[in-house]
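Q: Below you'll find target.pdb; it's PDB, C-alpha atoms and all ligand atoms.
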```pdb
ATOM      1  CA  MET A   1     -11.431 -17.827  -8.354
ATOM      2  CA  ALA A   2      -8.110 -16.624  -6.985
ATOM      3  CA  LEU A   3      -8.449 -13.369  -5.055
ATOM      4  CA  PHE A   4      -6.199 -11.256  -7.226
ATOM      5  CA  SER A   5      -7.489 -12.763 -10.471
ATOM      6  CA  LYS A   6     -10.628 -10.722  -9.810
ATOM      7  CA  GLY A   7      -8.777  -7.657 -11.073
ATOM      8  CA  LYS A   8      -9.593  -6.577 -14.625
ATOM      9  CA  ASN A   9      -7.239  -5.340 -17.297
ATOM     10  CA  ASN A  10      -4.337  -7.723 -16.779
ATOM     11  CA  ASN A  11      -3.553  -7.386 -20.403
ATOM     12  CA  ASP A  12      -0.676  -9.681 -21.476
ATOM     13  CA  ASP A  13       0.690  -7.117 -23.946
ATOM     14  CA  LEU A  14       0.832  -4.496 -21.219
ATOM     15  CA  VAL A  15       2.687  -6.908 -18.931
ATOM     16  CA  THR A  16       5.174  -7.580 -21.756
ATOM     17  CA  ALA A  17       5.580  -3.830 -22.374
ATOM     18  CA  ALA A  18       6.184  -3.221 -18.677
ATOM     19  CA  LYS A  19       8.760  -6.001 -18.524
ATOM     20  CA  SER A  20      10.840  -4.217 -21.179
ATOM     21  CA  LEU A  21      11.312  -1.428 -18.621
ATOM     22  CA  LYS A  22      13.472  -1.365 -15.514
ATOM     23  CA  ILE A  23      10.960  -2.403 -12.884
ATOM     24  CA  PRO A  24      11.499  -0.735  -9.507
ATOM     25  CA  LYS A  25      11.682  -2.986  -6.459
ATOM     26  CA  HIS A  26       9.110  -1.181  -4.346
ATOM     27  CA  ILE A  27       6.112   0.992  -5.252
ATOM     28  CA  ALA A  28       4.030   2.749  -2.600
ATOM     29  CA  ILE A  29       0.570   4.161  -3.292
ATOM     30  CA  ILE A  30      -1.607   6.592  -1.339
ATOM     31  CA  MET A  31      -5.048   5.320  -2.364
ATOM     32  CA  ASP A  32      -6.611   8.788  -2.465
ATOM     33  CA  GLY A  33      -9.693  10.103  -4.245
ATOM     34  CA  ASN A  34     -12.241   7.372  -3.486
ATOM     35  CA  GLY A  35     -14.691   9.864  -1.950
ATOM     36  CA  ARG A  36     -14.541  12.236  -4.927
ATOM     37  CA  TRP A  37     -14.854   9.306  -7.349
ATOM     38  CA  ALA A  38     -18.115   8.325  -5.639
ATOM     39  CA  LYS A  39     -19.378  11.929  -5.436
ATOM     40  CA  LYS A  40     -18.902  12.383  -9.200
ATOM     41  CA  ARG A  41     -21.295   9.447  -9.616
ATOM     42  CA  GLY A  42     -23.811  10.749  -7.065
ATOM     43  CA  MET A  43     -22.997   7.823  -4.796
ATOM     44  CA  PRO A  44     -22.027   7.600  -1.101
ATOM     45  CA  ARG A  45     -18.359   7.644  -0.128
ATOM     46  CA  SER A  46     -18.548   3.944   0.796
ATOM     47  CA  PHE A  47     -19.119   3.200  -2.900
ATOM     48  CA  GLY A  48     -15.823   4.921  -3.677
ATOM     49  CA  HIS A  49     -13.949   2.923  -1.037
ATOM     50  CA  ALA A  50     -15.414  -0.312  -2.421
ATOM     51  CA  ALA A  51     -14.235   0.715  -5.909
ATOM     52  CA  GLY A  52     -10.828   1.598  -4.432
ATOM     53  CA  SER A  53     -10.636  -1.794  -2.795
ATOM     54  CA  GLU A  54     -11.397  -3.525  -6.128
ATOM     55  CA  ASN A  55      -8.799  -1.405  -7.883
ATOM     56  CA  PHE A  56      -6.240  -2.275  -5.238
ATOM     57  CA  ARG A  57      -6.694  -5.942  -6.250
ATOM     58  CA  ARG A  58      -6.298  -5.113  -9.954
ATOM     59  CA  ILE A  59      -3.151  -3.040  -9.349
ATOM     60  CA  ALA A  60      -1.669  -5.660  -6.980
ATOM     61  CA  MET A  61      -2.184  -8.441  -9.538
ATOM     62  CA  PHE A  62      -0.607  -6.345 -12.262
ATOM     63  CA  CYS A  63       2.370  -5.517 -10.030
ATOM     64  CA  LYS A  64       2.868  -9.211  -9.310
ATOM     65  CA  ASN A  65       2.702 -10.045 -13.023
ATOM     66  CA  ILE A  66       5.335  -7.487 -13.998
ATOM     67  CA  GLY A  67       7.756  -8.741 -11.350
ATOM     68  CA  LEU A  68       7.522  -5.986  -8.737
ATOM     69  CA  GLU A  69       8.847  -7.230  -5.381
ATOM     70  CA  TYR A  70       7.037  -4.930  -2.944
ATOM     71  CA  LEU A  71       3.784  -2.966  -3.144
ATOM     72  CA  THR A  72       2.756  -0.859  -0.138
ATOM     73  CA  VAL A  73      -0.670   0.786   0.030
ATOM     74  CA  TYR A  74      -2.033   3.345   2.492
ATOM     75  CA  ALA A  75      -5.480   2.040   3.455
ATOM     76  CA  PHE A  76      -6.178   3.821   6.754
ATOM     77  CA  SER A  77      -4.098   6.438   8.552
ATOM     78  CA  THR A  78      -3.761   7.243  12.252
ATOM     79  CA  GLU A  79      -5.718  10.422  11.402
ATOM     80  CA  ASN A  80      -8.553   8.663   9.531
ATOM     81  CA  TRP A  81     -10.338   7.896  12.844
ATOM     82  CA  LYS A  82     -11.554  11.531  12.638
ATOM     83  CA  ARG A  83     -13.934  10.502   9.814
ATOM     84  CA  PRO A  84     -17.611   9.739  10.519
ATOM     85  CA  ALA A  85     -18.052   6.408  12.353
ATOM     86  CA  ASP A  86     -19.997   4.825   9.473
ATOM     87  CA  GLU A  87     -17.211   5.634   7.002
ATOM     88  CA  VAL A  88     -14.590   4.146   9.364
ATOM     89  CA  SER A  89     -16.619   0.990   9.916
ATOM     90  CA  GLY A  90     -17.229   0.735   6.149
ATOM     91  CA  ILE A  91     -13.472   0.783   5.464
ATOM     92  CA  LEU A  92     -12.887  -1.814   8.206
ATOM     93  CA  ASP A  93     -15.628  -3.990   6.659
ATOM     94  CA  LEU A  94     -13.866  -3.826   3.284
ATOM     95  CA  LEU A  95     -10.651  -4.863   4.981
ATOM     96  CA  ARG A  96     -12.411  -7.754   6.714
ATOM     97  CA  LYS A  97     -13.895  -8.849   3.375
ATOM     98  CA  TYR A  98     -10.514  -8.625   1.683
ATOM     99  CA  LEU A  99      -8.901 -10.679   4.469
ATOM    100  CA  ASP A 100     -11.558 -13.391   4.281
ATOM    101  CA  GLU A 101     -11.029 -13.710   0.547
ATOM    102  CA  ALA A 102      -7.248 -13.624   0.953
ATOM    103  CA  LEU A 103      -7.306 -16.357   3.599
ATOM    104  CA  ASP A 104      -9.313 -18.523   1.200
ATOM    105  CA  THR A 105      -7.008 -18.013  -1.763
ATOM    106  CA  MET A 106      -3.489 -17.308  -0.472
ATOM    107  CA  GLU A 107      -2.369 -20.912  -0.604
ATOM    108  CA  LYS A 108      -3.133 -20.769  -4.331
ATOM    109  CA  ASP A 109      -2.008 -17.197  -5.121
ATOM    110  CA  HIS A 110       1.184 -17.272  -3.006
ATOM    111  CA  ILE A 111       0.877 -13.511  -2.618
ATOM    112  CA  ARG A 112       2.489 -12.606   0.675
ATOM    113  CA  THR A 113       0.827  -9.998   2.864
ATOM    114  CA  ARG A 114       2.125  -7.870   5.713
ATOM    115  CA  PHE A 115       0.267  -5.247   7.735
ATOM    116  CA  LEU A 116       1.977  -2.037   8.799
ATOM    117  CA  GLY A 117       0.673   0.267  11.515
ATOM    118  CA  ASP A 118      -0.428   0.150  15.124
ATOM    119  CA  LEU A 119      -2.861  -2.744  14.949
ATOM    120  CA  SER A 120      -3.697  -2.545  18.682
ATOM    121  CA  ARG A 121      -6.617  -0.174  18.039
ATOM    122  CA  LEU A 122      -8.289  -2.411  15.445
ATOM    123  CA  PRO A 123     -11.126  -4.865  16.149
ATOM    124  CA  ALA A 124      -9.716  -8.176  17.452
ATOM    125  CA  ASP A 125     -11.313 -10.269  14.686
ATOM    126  CA  ILE A 126      -9.570  -8.187  12.012
ATOM    127  CA  VAL A 127      -6.197  -8.455  13.769
ATOM    128  CA  GLU A 128      -6.653 -12.210  14.052
ATOM    129  CA  ARG A 129      -7.282 -12.452  10.284
ATOM    130  CA  MET A 130      -4.248 -10.219   9.614
ATOM    131  CA  ARG A 131      -1.990 -12.422  11.750
ATOM    132  CA  LYS A 132      -3.312 -15.564  10.065
ATOM    133  CA  SER A 133      -2.572 -14.155   6.613
ATOM    134  CA  GLU A 134       0.920 -13.079   7.755
ATOM    135  CA  ASP A 135       1.557 -16.582   9.113
ATOM    136  CA  ILE A 136       0.512 -18.196   5.820
ATOM    137  CA  SER A 137       2.748 -15.663   4.007
ATOM    138  CA  LYS A 138       5.805 -16.954   5.883
ATOM    139  CA  LYS A 139       5.588 -20.163   3.861
ATOM    140  CA  TYR A 140       6.163 -18.336   0.578
ATOM    141  CA  GLU A 141       8.680 -16.108  -1.140
ATOM    142  CA  GLY A 142       8.257 -13.433  -3.788
ATOM    143  CA  PHE A 143       5.865 -10.546  -4.224
ATOM    144  CA  LEU A 144       4.899  -8.915  -0.903
ATOM    145  CA  VAL A 145       1.884  -6.640  -0.470
ATOM    146  CA  CYS A 146       2.086  -4.355   2.570
ATOM    147  CA  ILE A 147      -1.185  -2.811   3.699
ATOM    148  CA  CYS A 148      -0.942   0.173   6.046
ATOM    149  CA  VAL A 149      -3.797   0.264   8.549
ATOM    150  CA  ASN A 150      -3.900   2.710  11.465
ATOM    151  CA  TYR A 151      -0.539   3.727  10.074
ATOM    152  CA  GLY A 152       1.171   7.067  10.587
ATOM    153  CA  GLY A 153       4.777   7.796   9.682
ATOM    154  CA  ARG A 154       5.317   9.780  12.885
ATOM    155  CA  ASP A 155       3.719   7.039  14.962
ATOM    156  CA  ASP A 156       5.934   4.444  13.222
ATOM    157  CA  ILE A 157       9.058   6.411  14.235
ATOM    158  CA  VAL A 158       7.849   6.975  17.819
ATOM    159  CA  ARG A 159       7.029   3.271  18.251
ATOM    160  CA  ALA A 160      10.440   2.308  16.808
ATOM    161  CA  VAL A 161      12.286   4.625  19.199
ATOM    162  CA  LYS A 162      10.263   3.307  22.164
ATOM    163  CA  LYS A 163      11.236  -0.261  21.172
ATOM    164  CA  LEU A 164      14.908   0.810  21.079
ATOM    165  CA  GLN A 165      14.568   2.341  24.547
ATOM    166  CA  SER A 166      12.962  -0.780  25.964
ATOM    167  CA  GLU A 167      15.674  -2.967  24.405
ATOM    168  CA  GLY A 168      18.422  -0.600  25.653
ATOM    169  CA  LEU A 169      19.665   0.023  22.098
ATOM    170  CA  ALA A 170      21.285   3.196  20.771
ATOM    171  CA  VAL A 171      19.177   5.575  18.704
ATOM    172  CA  SER A 172      20.933   5.167  15.336
ATOM    173  CA  GLU A 173      19.648   5.164  11.745
ATOM    174  CA  GLU A 174      20.374   1.451  11.471
ATOM    175  CA  ASN A 175      18.511   0.624  14.698
ATOM    176  CA  ILE A 176      15.538   2.827  13.819
ATOM    177  CA  ASN A 177      15.334   1.171  10.379
ATOM    178  CA  SER A 178      15.279  -2.286  11.887
ATOM    179  CA  HIS A 179      12.544  -1.347  14.383
ATOM    180  CA  LEU A 180      10.129   0.400  12.021
ATOM    181  CA  ASP A 181       7.058  -1.491  10.789
ATOM    182  CA  THR A 182       8.896  -1.796   7.446
ATOM    183  CA  SER A 183      11.857  -3.628   8.970
ATOM    184  CA  GLY A 184      13.504  -5.812   6.305
ATOM    185  CA  ILE A 185      11.655  -4.069   3.445
ATOM    186  CA  PRO A 186      13.652  -1.765   1.130
ATOM    187  CA  ASP A 187      12.577   1.891   0.979
ATOM    188  CA  PRO A 188      10.012   2.665  -1.735
ATOM    189  CA  ASP A 189      11.506   3.624  -5.100
ATOM    190  CA  ILE A 190       8.316   5.398  -6.185
ATOM    191  CA  CYS A 191       5.444   6.843  -4.178
ATOM    192  CA  ILE A 192       2.314   7.514  -6.232
ATOM    193  CA  ARG A 193      -0.279   9.999  -4.998
ATOM    194  CA  PRO A 194      -3.422  10.073  -7.093
ATOM    195  CA  SER A 195      -6.293  12.574  -6.922
ATOM    196  CA  GLY A 196      -4.377  15.803  -7.570
ATOM    197  CA  GLU A 197      -3.185  16.311  -4.000
ATOM    198  CA  TYR A 198       0.481  17.160  -3.510
ATOM    199  CA  ARG A 199       1.394  16.002  -0.025
ATOM    200  CA  ILE A 200       2.681  12.962   1.829
ATOM    201  CA  SER A 201      -0.014  12.872   4.560
ATOM    202  CA  ASN A 202       2.139  11.099   7.174
ATOM    203  CA  PHE A 203       2.831   8.101   4.913
ATOM    204  CA  LEU A 204       6.258   6.377   5.182
ATOM    205  CA  ILE A 205       7.934   9.685   6.056
ATOM    206  CA  TRP A 206      11.189   8.083   7.260
ATOM    207  CA  GLN A 207      11.297   5.517   4.465
ATOM    208  CA  SER A 208      10.658   8.028   1.659
ATOM    209  CA  ALA A 209      13.769  10.155   2.284
ATOM    210  CA  TYR A 210      14.989   9.325  -1.264
ATOM    211  CA  THR A 211      11.776   8.078  -2.849
ATOM    212  CA  GLU A 212      10.738   9.470  -6.241
ATOM    213  CA  PHE A 213       7.274  11.036  -6.046
ATOM    214  CA  TYR A 214       4.693  10.848  -8.785
ATOM    215  CA  PHE A 215       1.514  12.908  -8.583
ATOM    216  CA  THR A 216      -1.456  12.298 -10.855
ATOM    217  CA  LYS A 217      -4.910  13.855 -11.028
ATOM    218  CA  THR A 218      -6.463  10.408 -11.621
ATOM    219  CA  LEU A 219      -8.661   9.326  -8.712
ATOM    220  CA  PHE A 220      -7.467   6.059  -7.163
ATOM    221  CA  PRO A 221     -10.358   3.848  -8.384
ATOM    222  CA  ASP A 222      -9.402   4.899 -11.951
ATOM    223  CA  LEU A 223      -5.646   4.404 -11.585
ATOM    224  CA  SER A 224      -5.028   1.799 -14.274
ATOM    225  CA  PRO A 225      -2.227  -0.619 -15.119
ATOM    226  CA  ILE A 226      -1.703   1.496 -18.277
ATOM    227  CA  GLU A 227      -1.033   4.596 -16.188
ATOM    228  CA  LEU A 228       1.169   2.544 -13.876
ATOM    229  CA  VAL A 229       3.340   1.580 -16.864
ATOM    230  CA  ASP A 230       3.588   5.287 -17.786
ATOM    231  CA  ILE A 231       4.661   6.029 -14.226
ATOM    232  CA  ILE A 232       7.348   3.319 -14.407
ATOM    233  CA  LYS A 233       8.510   4.807 -17.754
ATOM    234  CA  ASP A 234       8.775   8.197 -16.084
ATOM    235  CA  PHE A 235      10.707   6.601 -13.213
ATOM    236  CA  ASN A 236      13.111   5.052 -15.745
ATOM    237  CA  ASN A 237      13.997   8.591 -16.876
ATOM    238  CA  ARG A 238      14.660   9.961 -13.412
ATOM    239  CA  SER A 239      18.211  10.483 -12.252
ATOM    240  CA  ARG A 240      18.552   9.214  -8.678
ATOM    241  CA  ARG A 241      21.644  10.542  -6.974
ATOM    242  CA  PHE A 242      20.851   9.902  -3.312
ATOM    243  CA  GLY A 243      22.679  13.072  -2.362
ATOM    244  CA  GLY A 244      25.672  12.278  -4.581
ATOM    245  CA  ILE A 245      26.425  13.728  -8.024
TER     246      ILE A 245
HETATM  247  C1  LIG B 301      -8.608   8.006   0.712
HETATM  248  O1  LIG B 301      -9.565   8.564  -0.188
HETATM  249  C2  LIG B 301      -8.949   6.613   0.983
HETATM  250  C3  LIG B 301      -9.087   6.056   2.221
HETATM  251  C4  LIG B 301      -8.872   6.838   3.454
HETATM  252  C5  LIG B 301      -9.493   4.634   2.397
HETATM  253  C6  LIG B 301      -8.838   3.653   1.461
HETATM  254  C7  LIG B 301      -9.439   2.325   1.672
HETATM  255  C8  LIG B 301      -9.690   1.403   0.727
HETATM  256  C9  LIG B 301      -9.284   1.566  -0.688
HETATM  257  C10 LIG B 301     -10.432   0.124   1.060
HETATM  258  C11 LIG B 301      -9.790  -0.832   2.005
HETATM  259  C12 LIG B 301      -8.445  -1.294   1.584
HETATM  260  C13 LIG B 301      -8.058  -2.557   1.292
HETATM  261  C14 LIG B 301      -6.618  -2.791   1.042
HETATM  262  C15 LIG B 301      -8.979  -3.707   1.177
HETATM  263  P1  LIG B 301     -10.594   9.674   0.345
HETATM  264  O2  LIG B 301     -11.740   9.010   0.976
HETATM  265  O3  LIG B 301      -9.868  10.623   1.256
HETATM  266  O4  LIG B 301     -10.999  10.362  -0.983
HETATM  267  P2  LIG B 301     -11.398  11.914  -1.158
HETATM  268  O5  LIG B 301     -10.144  12.692  -0.859
HETATM  269  O6  LIG B 301     -11.798  11.986  -2.593
HETATM  270  O7  LIG B 301     -12.523  12.210  -0.214
END
```
Could you write out this structure as structure tokens?
A:
Amino acid sequence: MALFSKGKNNNDDLVTAAKSLKIPKHIAIIMDGNGRWAKKRGMPRSFGHAAGSENFRRIAMFCKNIGLEYLTVYAFSTENWKRPADEVSGILDLLRKYLDEALDTMEKDHIRTRFLGDLSRLPADIVERMRKSEDISKKYEGFLVCICVNYGGRDDIVRAVKKLQSEGLAVSEENINSHLDTSGIPDPDICIRPSGEYRISNFLIWQSAYTEFYFTKTLFPDLSPIELVDIIKDFNNRSRRFGGI
């Protein structure tokens, strides 16, 4: 079975309804609330991350079906290393599992993948799988899923500026843009933060200068395609002026 077909709720009518809306190019999601989702069920946090990982697949498949071009998810931040070692290794295991499945099915799904963040601190076997999936992705066009791992917005900017210094390039907006992890990817149109928290938590801080934010109390494992369509409807009613009038 294709990796992303595992997701539930890819209701054809909902896809049709979404397609009647103006679909943004790029949606970013902070996958927050997995721990609380598990706690509500009397389960360990790892159970919540596993549910989050499954929901990521469902949401990604839905986004592909409605014609979104870019989906970026925050899977692990530069600050998440502060969590207990077993939680960190549990998240890395889920990533490894996802990558193994993706490597098996990408040639069929044609869903391109890119990893954003400082990958140098990750286990070598995970980085190798990430690079393999990025290499396979180069053969295809269309929907791109960006997964942020050991990603921090501040770190992204610092690494970009260091690259400019080492290449002897001027520090300009254009040069910073082209040296960020997101180089070549348009800025997110919408950033969704589930779980009732109202902050950006070091996610895409440069890239979200004119992003529309959407906050929902829903915990990430429960964020459904139906709610996503509501969020896109809300986005359709926003007036984006980018500093103009
Ligand atoms: C935030 O919720 C979630 C994380 C730090 C981890 C997210 C990771 C996954 C969904 C799995 C791996 C990803 C992929 C793409 C396979 P939290 O734990 O802070 O929740 P809480 O605020 O309720 O405690």
Q: Check which residues satisfy the PyMOL selection byres (((not hetatm)) within 6 of (chain B and resi 301)) in the file shown, then give them as a CSV table (one decimal) with C-alpha atoms, keeping the file's coordinate frame.
A:
```csv
chain,number,residue,atom,x,y,z
A,31,MET,CA,-5.0,5.3,-2.4
A,32,ASP,CA,-6.6,8.8,-2.5
A,33,GLY,CA,-9.7,10.1,-4.2
A,34,ASN,CA,-12.2,7.4,-3.5
A,35,GLY,CA,-14.7,9.9,-2.0
A,36,ARG,CA,-14.5,12.2,-4.9
A,49,HIS,CA,-13.9,2.9,-1.0
A,52,GLY,CA,-10.8,1.6,-4.4
A,53,SER,CA,-10.6,-1.8,-2.8
A,75,ALA,CA,-5.5,2.0,3.5
A,76,PHE,CA,-6.2,3.8,6.8
A,91,ILE,CA,-13.5,0.8,5.5
A,94,LEU,CA,-13.9,-3.8,3.3
A,95,LEU,CA,-10.7,-4.9,5.0
A,98,TYR,CA,-10.5,-8.6,1.7
```
Q: With a cut-off of 12 Å, could you pull out the residues of region 153-209 of chain A touching region 110-115 of chain A and give me the nearest pair of atoms for each, distance in Å to one decimal, using all atoms listed in the file, ordered by chain and ascending number, as CSV?
A:
```
residue,atom,partner,partner_atom,distance
A:Asp181,CA,A:Phe115,CA,8.3
A:Thr182,CA,A:Arg114,CA,9.3
A:Ser183,CA,A:Arg114,CA,11.1
A:Gly184,CA,A:Arg114,CA,11.6
A:Ile185,CA,A:Arg114,CA,10.5
```
Q: Take the point (13.4, -4.2, -15.2) in the file's coordinates, draw a sphere of radius 12 Å around it, and report as a ChimeraX atom specification every protein, DNA or RNA residue with an atom inside or on it, counting all atoms listed in the file.
A: /A:15-25,66-69,229,232-233,235-236
Q: Those same residues, written as a short mmCIF file (atom, residue, chain, number, x, y, z; two decimals), in the coordinates of the input with C-alpha atoms?
A:
```cif
data_model
loop_
_atom_site.label_atom_id
_atom_site.label_comp_id
_atom_site.auth_asym_id
_atom_site.auth_seq_id
_atom_site.Cartn_x
_atom_site.Cartn_y
_atom_site.Cartn_z
CA VAL A 15 2.69 -6.91 -18.93
CA THR A 16 5.17 -7.58 -21.76
CA ALA A 17 5.58 -3.83 -22.37
CA ALA A 18 6.18 -3.22 -18.68
CA LYS A 19 8.76 -6.00 -18.52
CA SER A 20 10.84 -4.22 -21.18
CA LEU A 21 11.31 -1.43 -18.62
CA LYS A 22 13.47 -1.36 -15.51
CA ILE A 23 10.96 -2.40 -12.88
CA PRO A 24 11.50 -0.74 -9.51
CA LYS A 25 11.68 -2.99 -6.46
CA ILE A 66 5.34 -7.49 -14.00
CA GLY A 67 7.76 -8.74 -11.35
CA LEU A 68 7.52 -5.99 -8.74
CA GLU A 69 8.85 -7.23 -5.38
CA VAL A 229 3.34 1.58 -16.86
CA ILE A 232 7.35 3.32 -14.41
CA LYS A 233 8.51 4.81 -17.75
CA PHE A 235 10.71 6.60 -13.21
CA ASN A 236 13.11 5.05 -15.74
#
```
Q: Contacts between region 187-201 of chain A and region 50-117 of chain A, please, where a residue of region 50-117 of chain A counts if it comes within 9 Å (with only C-alpha atoms); show its shortest atom pair and distance in Å to one decimal, rows by chain and ascending number, as a tab-separated table.
A:
```
residue	atom	partner	partner_atom	distance
A:Tyr70	CA	A:Pro188	CA	8.2
A:Leu71	CA	A:Pro188	CA	8.5
A:Thr72	CA	A:Pro188	CA	8.2
A:Ser77	CA	A:Ser201	CA	8.6
```
Q: Please enumerate the residues selected by the PyMOL selection byres (((chain A and resi 225) around 10) and not hetatm) when evaluated against the supplied file, formatted as a list of chain:residue names.
A: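 Applied to this file, the PyMOL selection byres (((chain A and resi 225) around 10) and not hetatm) selects A:Lys8, A:Asn9, A:Asn10, A:Asn11, A:Leu14, A:Val15, A:Ala18, A:Asn55, A:Arg58, A:Ile59, A:Ala60, A:Met61, A:Phe62, A:Cys63, A:Asp222, A:Leu223, A:Ser224, A:Ile226, A:Glu227, A:Leu228, A:Val229, A:Asp230, A:Ile231.
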Q: Hey, can you spit out that residue selection with C-alpha atoms as a PDB file, in the coordinates of the input?
A:
```pdb
ATOM      1  CA  LYS A   8      -9.593  -6.577 -14.625  1.00  0.00           C
ATOM      2  CA  ASN A   9      -7.239  -5.340 -17.297  1.00  0.00           C
ATOM      3  CA  ASN A  10      -4.337  -7.723 -16.779  1.00  0.00           C
ATOM      4  CA  ASN A  11      -3.553  -7.386 -20.403  1.00  0.00           C
ATOM      5  CA  LEU A  14       0.832  -4.496 -21.219  1.00  0.00           C
ATOM      6  CA  VAL A  15       2.687  -6.908 -18.931  1.00  0.00           C
ATOM      7  CA  ALA A  18       6.184  -3.221 -18.677  1.00  0.00           C
ATOM      8  CA  ASN A  55      -8.799  -1.405  -7.883  1.00  0.00           C
ATOM      9  CA  ARG A  58      -6.298  -5.113  -9.954  1.00  0.00           C
ATOM     10  CA  ILE A  59      -3.151  -3.040  -9.349  1.00  0.00           C
ATOM     11  CA  ALA A  60      -1.669  -5.660  -6.980  1.00  0.00           C
ATOM     12  CA  MET A  61      -2.184  -8.441  -9.538  1.00  0.00           C
ATOM     13  CA  PHE A  62      -0.607  -6.345 -12.262  1.00  0.00           C
ATOM     14  CA  CYS A  63       2.370  -5.517 -10.030  1.00  0.00           C
ATOM     15  CA  ASP A 222      -9.402   4.899 -11.951  1.00  0.00           C
ATOM     16  CA  LEU A 223      -5.646   4.404 -11.585  1.00  0.00           C
ATOM     17  CA  SER A 224      -5.028   1.799 -14.274  1.00  0.00           C
ATOM     18  CA  ILE A 226      -1.703   1.496 -18.277  1.00  0.00           C
ATOM     19  CA  GLU A 227      -1.033   4.596 -16.188  1.00  0.00           C
ATOM     20  CA  LEU A 228       1.169   2.544 -13.876  1.00  0.00           C
ATOM     21  CA  VAL A 229       3.340   1.580 -16.864  1.00  0.00           C
ATOM     22  CA  ASP A 230       3.588   5.287 -17.786  1.00  0.00           C
ATOM     23  CA  ILE A 231       4.661   6.029 -14.226  1.00  0.00           C
TER      24      ILE A 231
END
```
Q: Could you check the closest approach to Trp37 (chain A) for each of A:Val171, A:Arg57, A:Ala51, A:Thr78 and tell me which residue wins, using only C-alpha atoms?
A: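 Of A:Val171, A:Arg57, A:Ala51, A:Thr78, the one nearest Trp37 (chain A), counting only C-alpha atoms, is A:Ala51.
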Q: Using only C-alpha atoms, pick whichever of A:Lys217, A:Arg96, A:Lys139, A:Lys108 has the shortest atom-to-atom distance to Val127 (chain A).
A: A:Arg96
